[in-house]
file run.cif (mmCIF, C-alpha atoms)
data_run
loop_
_atom_site.group_PDB
_atom_site.id
_atom_site.type_symbol
_atom_site.label_atom_id
_atom_site.label_comp_id
_atom_site.auth_asym_id
_atom_site.auth_seq_id
_atom_site.Cartn_x
_atom_site.Cartn_y
_atom_site.Cartn_z
ATOM 1 C CA MET A 1 -14.175 6.179 1.981
ATOM 2 C CA ILE A 2 -13.046 3.207 -0.104
ATOM 3 C CA ILE A 3 -9.265 2.864 -0.471
ATOM 4 C CA THR A 4 -7.937 0.177 -2.804
ATOM 5 C CA VAL A 5 -4.341 -1.031 -2.687
ATOM 6 C CA TYR A 6 -3.540 -2.861 -5.900
ATOM 7 C CA ASN A 7 -0.880 -4.054 -8.275
ATOM 8 C CA THR A 8 -0.835 -7.033 -10.617
ATOM 9 C CA LYS A 9 2.571 -7.922 -9.127
ATOM 10 C CA GLY A 10 2.731 -9.656 -5.776
ATOM 11 C CA GLY A 11 5.368 -8.980 -3.138
ATOM 12 C CA VAL A 12 5.359 -5.203 -3.535
ATOM 13 C CA GLY A 13 3.842 -4.377 -0.141
ATOM 14 C CA LYS A 14 0.096 -4.325 -0.803
ATOM 15 C CA SER A 15 -0.912 -6.180 2.357
ATOM 16 C CA PRO A 16 1.349 -4.350 4.838
ATOM 17 C CA ILE A 17 0.265 -0.986 3.397
ATOM 18 C CA SER A 18 -3.384 -2.082 3.573
ATOM 19 C CA ALA A 19 -2.902 -3.109 7.206
ATOM 20 C CA LEU A 20 -1.215 0.201 8.093
ATOM 21 C CA ILE A 21 -4.048 2.215 6.579
ATOM 22 C CA ALA A 22 -6.799 0.071 8.087
ATOM 23 C CA LYS A 23 -5.290 0.197 11.574
ATOM 24 C CA GLU A 24 -4.628 3.936 11.478
ATOM 25 C CA MET A 25 -8.075 4.805 10.136
ATOM 26 C CA ASP A 26 -10.037 2.154 12.065
ATOM 27 C CA TYR A 27 -11.199 0.560 8.810
ATOM 28 C CA LYS A 28 -11.699 -3.076 7.891
ATOM 29 C CA ILE A 29 -9.682 -4.803 5.152
ATOM 30 C CA LEU A 30 -11.636 -6.538 2.435
ATOM 31 C CA THR A 31 -9.540 -8.908 0.317
ATOM 32 C CA ASN A 32 -9.725 -11.615 -2.313
ATOM 33 C CA ASP A 33 -6.124 -12.586 -1.587
ATOM 34 C CA ASP A 34 -5.863 -15.513 0.798
ATOM 35 C CA SER A 35 -2.132 -14.995 1.287
ATOM 36 C CA ILE A 36 -2.704 -12.309 3.931
ATOM 37 C CA ASN A 37 -1.497 -13.498 7.312
ATOM 38 C CA GLU A 38 -4.835 -13.484 9.092
ATOM 39 C CA ASP A 39 -3.332 -14.476 12.460
ATOM 40 C CA PHE A 40 -2.185 -10.910 13.072
ATOM 41 C CA LEU A 41 -5.087 -9.234 11.299
ATOM 42 C CA SER A 42 -8.031 -11.559 11.928
ATOM 43 C CA ASP A 43 -9.986 -8.847 13.727
ATOM 44 C CA ILE A 44 -9.918 -6.501 10.719
ATOM 45 C CA VAL A 45 -9.634 -8.766 7.639
ATOM 46 C CA GLU A 46 -12.608 -10.082 5.726
ATOM 47 C CA PHE A 47 -11.879 -12.529 2.905
ATOM 48 C CA GLN A 48 -14.262 -12.702 -0.060
ATOM 49 C CA GLU A 49 -13.437 -14.752 -3.125
ATOM 50 C CA LYS A 50 -15.260 -12.140 -5.209
ATOM 51 C CA VAL A 51 -15.032 -8.838 -3.375
ATOM 52 C CA ASN A 52 -18.379 -7.084 -3.075
ATOM 53 C CA ILE A 53 -18.295 -3.443 -1.998
ATOM 54 C CA LYS A 54 -21.978 -2.691 -2.436
ATOM 55 C CA GLY A 55 -23.152 -0.771 0.611
ATOM 56 C CA ARG A 56 -19.638 -0.729 2.123
ATOM 57 C CA ASP A 57 -17.721 2.287 3.325
ATOM 58 C CA ASN A 58 -14.646 2.941 5.443
ATOM 59 C CA ILE A 59 -12.766 -0.038 4.048
ATOM 60 C CA VAL A 60 -9.381 -0.787 2.599
ATOM 61 C CA ILE A 61 -9.473 -3.242 -0.279
ATOM 62 C CA ASP A 62 -6.366 -5.360 -0.708
ATOM 63 C CA LEU A 63 -6.781 -6.955 -4.127
ATOM 64 C CA GLY A 64 -4.879 -9.981 -5.380
ATOM 65 C CA GLY A 65 -2.777 -9.499 -8.487
ATOM 66 C CA TRP A 66 -5.236 -10.464 -11.196
ATOM 67 C CA ILE A 67 -7.469 -8.193 -13.221
ATOM 68 C CA ASP A 68 -11.043 -8.992 -14.175
ATOM 69 C CA ASP A 69 -14.361 -7.153 -14.501
ATOM 70 C CA ASN A 70 -14.879 -7.184 -10.716
ATOM 71 C CA THR A 71 -11.412 -5.706 -10.132
ATOM 72 C CA ILE A 72 -12.078 -2.966 -12.681
ATOM 73 C CA GLN A 73 -15.422 -2.140 -11.049
ATOM 74 C CA ILE A 74 -13.793 -1.925 -7.607
ATOM 75 C CA LEU A 75 -11.016 0.310 -8.921
ATOM 76 C CA LYS A 76 -13.573 2.605 -10.591
ATOM 77 C CA SER A 77 -15.671 2.754 -7.401
ATOM 78 C CA SER A 78 -12.736 3.528 -5.113
ATOM 79 C CA ASP A 79 -12.140 6.978 -3.686
ATOM 80 C CA VAL A 80 -8.382 6.332 -3.662
ATOM 81 C CA VAL A 81 -6.301 3.782 -5.571
ATOM 82 C CA LEU A 82 -2.786 3.168 -4.278
ATOM 83 C CA ILE A 83 -0.274 1.308 -6.432
ATOM 84 C CA PRO A 84 2.780 0.052 -4.539
ATOM 85 C CA PHE A 85 5.805 -1.105 -6.541
ATOM 86 C CA ASN A 86 9.489 -1.762 -5.954
ATOM 87 C CA SER A 87 12.743 -1.732 -7.926
ATOM 88 C CA LYS A 88 12.545 -5.319 -9.195
ATOM 89 C CA PRO A 89 12.313 -5.440 -13.002
ATOM 90 C CA ASN A 90 9.109 -7.496 -13.096
ATOM 91 C CA ALA A 91 7.435 -5.146 -10.611
ATOM 92 C CA ILE A 92 8.414 -2.154 -12.762
ATOM 93 C CA LYS A 93 7.145 -3.779 -15.971
ATOM 94 C CA ARG A 94 3.843 -4.792 -14.406
ATOM 95 C CA THR A 95 3.380 -1.380 -12.812
ATOM 96 C CA ILE A 96 3.995 0.394 -16.129
ATOM 97 C CA GLY A 97 1.393 -1.880 -17.752
ATOM 98 C CA LEU A 98 -1.058 -1.262 -14.922
ATOM 99 C CA ILE A 99 -0.589 2.509 -15.127
ATOM 100 C CA SER A 100 -1.370 2.353 -18.840
ATOM 101 C CA ASP A 101 -4.509 0.273 -18.178
ATOM 102 C CA LEU A 102 -5.702 2.627 -15.434
ATOM 103 C CA LYS A 103 -5.185 5.667 -17.658
ATOM 104 C CA ASP A 104 -7.188 3.970 -20.430
ATOM 105 C CA LEU A 105 -9.991 3.297 -17.923
ATOM 106 C CA GLY A 106 -9.880 6.866 -16.568
ATOM 107 C CA ILE A 107 -8.915 5.719 -13.062
ATOM 108 C CA ASP A 108 -6.781 8.032 -10.924
ATOM 109 C CA TYR A 109 -4.072 6.482 -8.745
ATOM 110 C CA ASN A 110 -1.187 7.269 -6.429
ATOM 111 C CA LEU A 111 2.149 5.466 -6.721
ATOM 112 C CA ILE A 112 4.100 4.214 -3.711
ATOM 113 C CA PHE A 113 7.704 3.133 -4.280
ATOM 114 C CA THR A 114 8.392 0.504 -1.626
ATOM 115 C CA MET A 115 11.220 -1.418 -0.025
ATOM 116 C CA TYR A 116 14.139 0.644 -1.255
ATOM 117 C CA GLU A 117 17.420 0.534 0.644
ATOM 118 C CA THR A 118 18.733 3.983 -0.280
ATOM 119 C CA THR A 119 17.659 7.130 -2.073
ATOM 120 C CA GLN A 120 20.224 6.240 -4.734
ATOM 121 C CA GLU A 121 18.360 2.966 -5.388
ATOM 122 C CA PHE A 122 15.193 4.948 -6.114
ATOM 123 C CA ASP A 123 17.067 7.367 -8.396
ATOM 124 C CA LYS A 124 18.797 4.505 -10.251
ATOM 125 C CA THR A 125 15.470 2.707 -10.743
ATOM 126 C CA ILE A 126 13.883 5.837 -12.224
ATOM 127 C CA GLU A 127 16.858 6.317 -14.547
ATOM 128 C CA LYS A 128 17.305 2.653 -15.533
ATOM 129 C CA PHE A 129 13.672 2.148 -16.496
ATOM 130 C CA LYS A 130 13.235 5.668 -17.900
ATOM 131 C CA LEU A 131 10.438 6.490 -15.465
ATOM 132 C CA GLU A 132 10.994 10.241 -15.381
ATOM 133 C CA ASP A 133 7.425 10.855 -16.593
ATOM 134 C CA ILE A 134 5.922 8.812 -13.764
ATOM 135 C CA GLU A 135 5.097 10.739 -10.610
ATOM 136 C CA VAL A 136 5.777 8.769 -7.442
ATOM 137 C CA ASP A 137 3.598 10.121 -4.639
ATOM 138 C CA TYR A 138 5.159 8.284 -1.682
ATOM 139 C CA LYS A 139 8.457 6.498 -1.040
ATOM 140 C CA PHE A 140 8.484 3.816 1.659
ATOM 141 C CA PRO A 141 11.949 2.521 2.567
ATOM 142 C CA LYS A 142 12.668 -1.069 3.443
ATOM 143 C CA THR A 143 11.829 -1.322 7.121
ATOM 144 C CA LYS A 144 10.478 -3.684 9.737
ATOM 145 C CA LEU A 145 8.138 -0.933 10.936
ATOM 146 C CA LEU A 146 5.067 -2.300 9.146
ATOM 147 C CA ASP A 147 5.740 -5.831 10.397
ATOM 148 C CA THR A 148 6.162 -4.500 13.937
ATOM 149 C CA LEU A 149 2.883 -2.568 13.730
ATOM 150 C CA ILE A 150 0.995 -5.608 12.480
ATOM 151 C CA GLU A 151 2.575 -8.210 14.759
ATOM 152 C CA LYS A 152 2.250 -6.114 17.920
ATOM 153 C CA ASN A 153 -1.172 -4.696 16.943
ATOM 154 C CA LEU A 154 0.119 -1.131 17.214
ATOM 155 C CA LYS A 155 -0.642 2.181 15.566
ATOM 156 C CA LEU A 156 1.911 4.796 14.538
ATOM 157 C CA SER A 157 1.098 6.806 17.655
ATOM 158 C CA ASP A 158 1.984 3.773 19.814
ATOM 159 C CA ILE A 159 5.408 3.606 18.193
ATOM 160 C CA LYS A 160 5.960 7.291 18.820
ATOM 161 C CA ARG A 161 5.143 6.895 22.540
ATOM 162 C CA ASP A 162 7.457 3.892 22.985
ATOM 163 C CA LYS A 163 10.966 5.378 23.344
ATOM 164 C CA THR A 164 12.798 2.266 22.137
ATOM 165 C CA LEU A 165 10.584 1.720 19.106
ATOM 166 C CA ASN A 166 10.523 5.439 18.367
ATOM 167 C CA ASN A 167 14.336 5.527 18.288
ATOM 168 C CA TRP A 168 14.430 2.542 15.912
ATOM 169 C CA TYR A 169 11.789 3.863 13.532
ATOM 170 C CA LYS A 170 11.697 7.647 13.949
ATOM 171 C CA ASN A 171 12.946 8.322 10.414
ATOM 172 C CA HIS A 172 10.248 6.106 8.930
ATOM 173 C CA LEU A 173 7.352 7.348 11.067
ATOM 174 C CA THR A 174 7.164 10.653 9.220
ATOM 175 C CA ILE A 175 7.013 8.955 5.838
ATOM 176 C CA PHE A 176 4.124 6.686 6.807
ATOM 177 C CA LYS A 177 2.280 9.431 8.683
ATOM 178 C CA GLU A 178 2.287 11.564 5.516
ATOM 179 C CA LEU A 179 0.198 8.984 3.667
ATOM 180 C CA ILE A 180 -2.254 8.621 6.563
ATOM 181 C CA PHE A 181 -2.526 12.408 6.924
ATOM 182 C CA ASP A 182 -3.276 12.768 3.219
ATOM 183 C CA LEU A 183 -5.929 10.035 3.327
ATOM 184 C CA LYS A 184 -7.623 11.507 6.387
ATOM 185 C CA GLY A 185 -7.737 14.882 4.643
ATOM 186 C CA LEU A 186 -9.805 13.575 1.743
#
call {"tool": "encode", "arguments": {"input": "run.cif", "output": "structure tokens"}}
result
Amino acid sequence: MIITVYNTKGGVGKSPISALIAKEMDYKILTNDDSINEDFLSDIVEFQEKVNIKGRDNIVIDLGGWIDDNTIQILKSSDVVLIPFNSKPNAIKRTIGLISDLKDLGIDYNLIFTMYETTQEFDKTIEKFKLEDIEVDYKFPKTKLLDTLIEKNLKLSDIKRDKTLNNWYKNHLTIFKELIFDLKGL
């Protein structure tokens, strides 16, 4: 399976989400974005200036925020396209533009609202930007869980087994496990 995590806006959680998926599914990450912290992920990250997926499978593609013919081809060839975004105005505007482009290209996608502090923040964002017609598939709260997983080279199951970490992150584990469960079911 080829899973692409993409948005034309940086700082919305593409790389941490890519790392979570890759670690949980034992996939490699293929990226054209050299801002990924390879110290923590060097064993699973492969950098290519121009990402080539020919003959590849079981990968997560973490694409930098530009769009070109290669990006379009990767998006069209992906089994799943995940679009993370947050409540910042520029992230919303870019995501709305990206959704429009993907619809024009006939590319299916799933939206992930990331880094929100409260449920009210999500609701206010939807209302403020009149996003009622946009279906958000997953909501990931602001948490250090992804950083902890990456830095300590852990999987979600490791967090669950560690009583201290489980107590800190138990509310967030279910949210992240839902995405992984859905991807494994494809």
call {"tool": "closest_atom_pairs", "arguments": {"input": "run.cif", "of": "range 152-173 of chain A", "to": "range 179-182 of chain A", "cutoff": "12 Å", "atoms": "all atoms listed in the file", "output": "JSON lines"}}
result
{"residue": "A:Lys155", "atom": "CA", "partner": "A:Ile180", "partner_atom": "CA", "distance": 11.2}
{"residue": "A:Leu156", "atom": "CA", "partner": "A:Ile180", "partner_atom": "CA", "distance": 9.8}
{"residue": "A:Ser157", "atom": "CA", "partner": "A:Ile180", "partner_atom": "CA", "distance": 11.7}
{"residue": "A:His172", "atom": "CA", "partner": "A:Leu179", "partner_atom": "CA", "distance": 11.7}
{"residue": "A:Leu173", "atom": "CA", "partner": "A:Leu179", "partner_atom": "CA", "distance": 10.4}
call {"tool": "residues_around", "arguments": {"input": "run.cif", "residues": "Asn70 in chain A", "least_positions_apart": "2", "cutoff": "9 Å", "atoms": "only C-alpha atoms", "output": "list in words"}}
result
Lys50, Val51, Asn52, Ile67, Asp68, Ile72, Gln73, Ile74 and Leu75 of chain A
call {"tool": "resolve_selection", "arguments": {"input": "run.cif", "expression": "the PyMOL selection byres ((chain A and resi 85) around 7)", "output": "MDAnalysis selection string"}}
result
chainID A and resid 12 83:84 86 91:92 95 112:114
call {"tool": "residues_around", "arguments": {"input": "run.cif", "residues": "range 116-119 of chain A", "least_positions_apart": "4", "cutoff": "10 Å", "atoms": "only C-alpha atoms", "output": "list in words"}}
result
Asn86, Ser87, Asp123, Lys124, Thr125, Lys139, Phe140, Pro141, Lys142 and Thr143 of chain A
call {"tool": "atom_distance", "arguments": {"input": "run.cif", "atom1": "CA of Lys93 in chain A", "atom2": "CA of Asp69 in chain A"}}
result
21.8 Å
call {"tool": "residues_around", "arguments": {"input": "run.cif", "residues": "Met1 in chain A", "least_positions_apart": "6", "cutoff": "10 Å", "atoms": "only C-alpha atoms", "output": "PDB file with C-alpha atoms, keeping the file's coordinate frame"}}
result
ATOM      1  CA  TYR A  27     -11.199   0.560   8.810  1.00  0.00           C
ATOM      2  CA  ARG A  56     -19.638  -0.729   2.123  1.00  0.00           C
ATOM      3  CA  ASP A  57     -17.721   2.287   3.325  1.00  0.00           C
ATOM      4  CA  ASN A  58     -14.646   2.941   5.443  1.00  0.00           C
ATOM      5  CA  ILE A  59     -12.766  -0.038   4.048  1.00  0.00           C
ATOM      6  CA  VAL A  60      -9.381  -0.787   2.599  1.00  0.00           C
ATOM      7  CA  SER A  78     -12.736   3.528  -5.113  1.00  0.00           C
ATOM      8  CA  ASP A  79     -12.140   6.978  -3.686  1.00  0.00           C
ATOM      9  CA  VAL A  80      -8.382   6.332  -3.662  1.00  0.00           C
ATOM     10  CA  LEU A 183      -5.929  10.035   3.327  1.00  0.00           C
ATOM     11  CA  LYS A 184      -7.623  11.507   6.387  1.00  0.00           C
ATOM     12  CA  LEU A 186      -9.805  13.575   1.743  1.00  0.00           C
TER      13      LEU A 186
END
call {"tool": "atom_distance", "arguments": {"input": "run.cif", "atom1": "CA of Leu30 in chain A", "atom2": "CA of Glu49 in chain A"}}
result
10.1 Å
call {"tool": "resolve_selection", "arguments": {"input": "run.cif", "expression": "the PyMOL selection byres ((chain A and resi 45) around 8)", "output": "PyMOL selection string"}}
result
chain A and resi 28-31+38+41-44+46-47
call {"tool": "closest_residue", "arguments": {"input": "run.cif", "among": "A:Ala19, A:Leu111, A:Ile61, A:Leu105", "to": "Tyr138 in chain A", "atoms": "all atoms listed in the file"}}
result
A:Leu111
call {"tool": "build_atoms", "arguments": {"input": "run.cif", "residues": "range 100-111 of chain A", "atoms": "all heavy atoms", "output": "PDB file, in the frame of the given file"}}
result
ATOM      1  N   SER A 100      -0.786   2.165 -17.514  1.00  0.00           N
ATOM      2  CA  SER A 100      -1.370   2.353 -18.840  1.00  0.00           C
ATOM      3  C   SER A 100      -2.842   1.927 -18.845  1.00  0.00           C
ATOM      4  O   SER A 100      -3.703   2.643 -19.366  1.00  0.00           O
ATOM      5  CB  SER A 100      -0.573   1.558 -19.878  1.00  0.00           C
ATOM      6  OG  SER A 100      -1.168   1.660 -21.142  1.00  0.00           O
ATOM      7  N   ASP A 101      -3.123   0.765 -18.245  1.00  0.00           N
ATOM      8  CA  ASP A 101      -4.509   0.273 -18.178  1.00  0.00           C
ATOM      9  C   ASP A 101      -5.398   1.236 -17.395  1.00  0.00           C
ATOM     10  O   ASP A 101      -6.533   1.522 -17.794  1.00  0.00           O
ATOM     11  CB  ASP A 101      -4.569  -1.113 -17.533  1.00  0.00           C
ATOM     12  CG  ASP A 101      -3.943  -2.196 -18.407  1.00  0.00           C
ATOM     13  OD1 ASP A 101      -3.732  -1.957 -19.616  1.00  0.00           O
ATOM     14  OD2 ASP A 101      -3.650  -3.283 -17.857  1.00  0.00           O
ATOM     15  N   LEU A 102      -4.904   1.718 -16.260  1.00  0.00           N
ATOM     16  CA  LEU A 102      -5.702   2.627 -15.434  1.00  0.00           C
ATOM     17  C   LEU A 102      -5.979   3.941 -16.163  1.00  0.00           C
ATOM     18  O   LEU A 102      -7.084   4.476 -16.084  1.00  0.00           O
ATOM     19  CB  LEU A 102      -5.002   2.888 -14.100  1.00  0.00           C
ATOM     20  CG  LEU A 102      -4.891   1.687 -13.151  1.00  0.00           C
ATOM     21  CD1 LEU A 102      -4.102   2.069 -11.901  1.00  0.00           C
ATOM     22  CD2 LEU A 102      -6.244   1.124 -12.794  1.00  0.00           C
ATOM     23  N   LYS A 103      -4.977   4.439 -16.879  1.00  0.00           N
ATOM     24  CA  LYS A 103      -5.185   5.667 -17.658  1.00  0.00           C
ATOM     25  C   LYS A 103      -6.248   5.440 -18.720  1.00  0.00           C
ATOM     26  O   LYS A 103      -7.126   6.290 -18.921  1.00  0.00           O
ATOM     27  CB  LYS A 103      -3.873   6.122 -18.290  1.00  0.00           C
ATOM     28  CG  LYS A 103      -2.927   6.773 -17.303  1.00  0.00           C
ATOM     29  CD  LYS A 103      -1.649   7.233 -17.972  1.00  0.00           C
ATOM     30  CE  LYS A 103      -0.734   7.903 -16.965  1.00  0.00           C
ATOM     31  NZ  LYS A 103       0.555   8.298 -17.540  1.00  0.00           N
ATOM     32  N   ASP A 104      -6.182   4.295 -19.410  1.00  0.00           N
ATOM     33  CA  ASP A 104      -7.188   3.970 -20.430  1.00  0.00           C
ATOM     34  C   ASP A 104      -8.592   3.893 -19.844  1.00  0.00           C
ATOM     35  O   ASP A 104      -9.574   4.231 -20.506  1.00  0.00           O
ATOM     36  CB  ASP A 104      -6.863   2.640 -21.126  1.00  0.00           C
ATOM     37  CG  ASP A 104      -5.637   2.726 -22.033  1.00  0.00           C
ATOM     38  OD1 ASP A 104      -5.180   3.853 -22.329  1.00  0.00           O
ATOM     39  OD2 ASP A 104      -5.128   1.651 -22.423  1.00  0.00           O
ATOM     40  N   LEU A 105      -8.695   3.441 -18.598  1.00  0.00           N
ATOM     41  CA  LEU A 105      -9.991   3.297 -17.923  1.00  0.00           C
ATOM     42  C   LEU A 105     -10.422   4.588 -17.216  1.00  0.00           C
ATOM     43  O   LEU A 105     -11.514   4.652 -16.650  1.00  0.00           O
ATOM     44  CB  LEU A 105      -9.932   2.155 -16.900  1.00  0.00           C
ATOM     45  CG  LEU A 105      -9.762   0.749 -17.477  1.00  0.00           C
ATOM     46  CD1 LEU A 105      -9.369  -0.237 -16.382  1.00  0.00           C
ATOM     47  CD2 LEU A 105     -11.059   0.310 -18.171  1.00  0.00           C
ATOM     48  N   GLY A 106      -9.557   5.602 -17.221  1.00  0.00           N
ATOM     49  CA  GLY A 106      -9.880   6.866 -16.568  1.00  0.00           C
ATOM     50  C   GLY A 106      -9.852   6.778 -15.045  1.00  0.00           C
ATOM     51  O   GLY A 106     -10.576   7.503 -14.365  1.00  0.00           O
ATOM     52  N   ILE A 107      -9.008   5.914 -14.516  1.00  0.00           N
ATOM     53  CA  ILE A 107      -8.915   5.719 -13.062  1.00  0.00           C
ATOM     54  C   ILE A 107      -7.676   6.446 -12.536  1.00  0.00           C
ATOM     55  O   ILE A 107      -6.568   6.197 -12.992  1.00  0.00           O
ATOM     56  CB  ILE A 107      -8.843   4.216 -12.720  1.00  0.00           C
ATOM     57  CG1 ILE A 107     -10.127   3.516 -13.183  1.00  0.00           C
ATOM     58  CG2 ILE A 107      -8.609   4.006 -11.236  1.00  0.00           C
ATOM     59  CD1 ILE A 107     -10.083   2.005 -13.092  1.00  0.00           C
ATOM     60  N   ASP A 108      -7.894   7.327 -11.565  1.00  0.00           N
ATOM     61  CA  ASP A 108      -6.781   8.032 -10.924  1.00  0.00           C
ATOM     62  C   ASP A 108      -6.112   7.110  -9.914  1.00  0.00           C
ATOM     63  O   ASP A 108      -6.748   6.221  -9.355  1.00  0.00           O
ATOM     64  CB  ASP A 108      -7.281   9.288 -10.209  1.00  0.00           C
ATOM     65  CG  ASP A 108      -7.764  10.355 -11.182  1.00  0.00           C
ATOM     66  OD1 ASP A 108      -7.229  10.435 -12.299  1.00  0.00           O
ATOM     67  OD2 ASP A 108      -8.689  11.100 -10.809  1.00  0.00           O
ATOM     68  N   TYR A 109      -4.840   7.345  -9.649  1.00  0.00           N
ATOM     69  CA  TYR A 109      -4.072   6.482  -8.745  1.00  0.00           C
ATOM     70  C   TYR A 109      -2.940   7.287  -8.125  1.00  0.00           C
ATOM     71  O   TYR A 109      -2.600   8.368  -8.588  1.00  0.00           O
ATOM     72  CB  TYR A 109      -3.492   5.279  -9.504  1.00  0.00           C
ATOM     73  CG  TYR A 109      -2.615   5.715 -10.654  1.00  0.00           C
ATOM     74  CD1 TYR A 109      -1.271   5.978 -10.468  1.00  0.00           C
ATOM     75  CD2 TYR A 109      -3.157   5.930 -11.929  1.00  0.00           C
ATOM     76  CE1 TYR A 109      -0.474   6.432 -11.501  1.00  0.00           C
ATOM     77  CE2 TYR A 109      -2.363   6.377 -12.968  1.00  0.00           C
ATOM     78  CZ  TYR A 109      -1.035   6.627 -12.751  1.00  0.00           C
ATOM     79  OH  TYR A 109      -0.253   7.088 -13.770  1.00  0.00           O
ATOM     80  N   ASN A 110      -2.386   6.737  -7.056  1.00  0.00           N
ATOM     81  CA  ASN A 110      -1.187   7.269  -6.429  1.00  0.00           C
ATOM     82  C   ASN A 110      -0.161   6.152  -6.378  1.00  0.00           C
ATOM     83  O   ASN A 110      -0.501   5.026  -6.001  1.00  0.00           O
ATOM     84  CB  ASN A 110      -1.469   7.757  -5.004  1.00  0.00           C
ATOM     85  CG  ASN A 110      -2.406   8.939  -4.989  1.00  0.00           C
ATOM     86  OD1 ASN A 110      -3.605   8.764  -4.891  1.00  0.00           O
ATOM     87  ND2 ASN A 110      -1.872  10.130  -5.101  1.00  0.00           N
ATOM     88  N   LEU A 111       1.079   6.457  -6.729  1.00  0.00           N
ATOM     89  CA  LEU A 111       2.149   5.466  -6.721  1.00  0.00           C
ATOM     90  C   LEU A 111       2.944   5.522  -5.426  1.00  0.00           C
ATOM     91  O   LEU A 111       3.257   6.606  -4.923  1.00  0.00           O
ATOM     92  CB  LEU A 111       3.103   5.700  -7.890  1.00  0.00           C
ATOM     93  CG  LEU A 111       2.565   5.389  -9.277  1.00  0.00           C
ATOM     94  CD1 LEU A 111       3.574   5.822 -10.338  1.00  0.00           C
ATOM     95  CD2 LEU A 111       2.252   3.919  -9.424  1.00  0.00           C
TER      96      LEU A 111
END
